[in-house]
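**Student:** Structure below; questions to follow.
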Amino acid sequence: MDSLRPGAQKSLHEDLKMGSGSSTEQWLRRLPWANLGGVMGRFNASLLPAARRNRLLACLDPLAVDSVPLLSEEQQMVPKKFWGDQEPLSKIPFKILSGHDHIVTSCHFCVDDTKLLSSSYDCTVKLWDAEDGSMIREFEHGPKAPILQCSITADSRRIVAASYDKTMRAWDLETGKLLWKVRFDTFIVSCKFSPDGKYVVSGLDVNRAVYIMDAENIATVMHIKDHHRRSITACCFDPDSQRVASVSLDRCIKIWDITAQATLLSITKAHVSAISNCCFNFSGHFLCTSSWDKTLKIWNVHTGEFRSHGACVTLMQGHEGSVSSCCFARDSSFLISGGFDKTVAIWDVAEGYQKLPLKGHTDWVMDVAVSNNKKWILSASKDRTMRLWNIEEIDQIPLVNEYKKSMNLKLKQCEGCDRPFSIFGSDTSSQIITKCVFCRRKETTLPSEPALSSEGESSDD
């Protein structure tokens, strides 16, 4: 593309400054339109009437791909407000939350999705306003070491955080007051509240133990030593607060029953590589695990179907690196995951494909969360930021619709739970499939089997 010579540009500036109309007119006739647009951009925009300026910018916007009808001058005088920024490819609105000085390790929605919670290697736990992205509070009397994880009760009253100084602390969310502090003999790699808020479960590093304590009086409920063969990476409660799932570098999944004080099931060699995280869906029938092998798997832990068929859903071809985190939407209609490839993936779990990748982080995504109303996704990253993504209109995004068309997917309504689900148009059984994969799996009945433990299965490689 041609450009103005320095001398010519200077002469034009002088002519315009002197108000030489004829000279200016001659220059404008000789200038290519591309250069004219660049030169005009140097003028003070306030010299043009607002309505006329808006029409001009809208018409000359090279990125405008949609046909926008012309508005009246009165309508154009009212500025259109956008929430956050726009990711150029997927057109997902997002907000960047900056305030941590180091890696952001975990993130959560709380207080009816109006507040956000985060922890970081900068030794802080912070509370944020979800509406404007401002920081509300940094919790007092925090540790002097990096924080690995934080968790919050379902009623958003208390939070707990584990740090590298081998301590766990709890705070009151509303007042920010420190409630208690517990010191362990080994590193704490994971900490989670039970959904009923009565317990806190922790994964301990050196002795590969799962430790369950009373959240009120910090009394020990259970200390299961050598629960795994290698270091535990994550643990979590089921929705009934009666079972604890744990995953490990040994590639094994274990579920412990608090009442029976026994291992209900153990799935060895669940992944090809180390398992990084796990989460139950809100019915407690399915457990999702993420792994360094770049995949996620969903296990039917309600019927024991995995014993004969393995994982009921394997999600792959979504991340180009290790998957660090996973989280179900409240109604299990979709699943999100974060990875070391700097992306957040949104999955259609019923059909096992990636609906949309969310790109923007400049380093590893450490943790992800979904709001209860399913309109927002929160991601925490090694790039020291969090991103709040608005996915309310995800099914209207051209990129998502184009992908559905390329896969020949059709949308149907589940007769069991009334949720929409996708099926392949080429599927010969599509006419008789009337329920989503979760409702179909729940109807699967298998003969009852005794609970499995690691001693009853083959040893790891």
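Labels for the structure tokens follow display order: chains A, B, ..., residues from 1 in each chain, ligands from 1.
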Quick one: pick out all strand (DSSP E) residues within segment 125-361 of chain A from a backbone DSSP run and write them as JSON, numbers by chain.
**Tutor:** {"A": [125, 126, 127, 128, 129, 135, 136, 137, 138, 147, 148, 149, 150, 151, 152, 158, 159, 160, 161, 162, 163, 167, 168, 169, 170, 171, 172, 178, 179, 180, 181, 182, 183, 188, 189, 190, 191, 192, 193, 199, 200, 201, 202, 203, 204, 209, 210, 211, 212, 213, 214, 220, 221, 222, 223, 224, 232, 233, 234, 235, 236, 237, 243, 244, 245, 246, 247, 248, 253, 254, 255, 256, 257, 262, 263, 264, 265, 266, 267, 275, 276, 277, 278, 279, 280, 286, 287, 288, 289, 290, 291, 296, 297, 298, 299, 300, 313, 314, 315, 323, 324, 325, 326, 327, 328, 335, 336, 337, 338, 339, 343, 344, 345, 346, 347, 348, 353, 354, 355, 356, 357, 358, 359]}
**Student:** Please, what distance in Å, to one decimal, runs between atom CA of Phe109 of chain A and atom CA of Val368 of chain A?
**Tutor:**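 One can read the atom CA of Phe109 of chain A to atom CA of Val368 of chain A distance as 10.0 Å.
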**Student:** Which of segment 136-324 of chain A end up as alpha helix (DSSP H) when DSSP is run on this backbone - answer as a list in words?
**Tutor:**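 In segment 136-324 of chain A, DSSP puts these residues in alpha helix (DSSP H): Phe306, Arg307, Ser308 and His309 of chain A.
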**Student:** Rounded to one decimal place, report the atom CA of Glu140 of chain A-atom CA of Gly197 of chain A distance in Å.
**Tutor:**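 According to the coordinates, atom CA of Glu140 of chain A and atom CA of Gly197 of chain A are separated by 21.6 Å.
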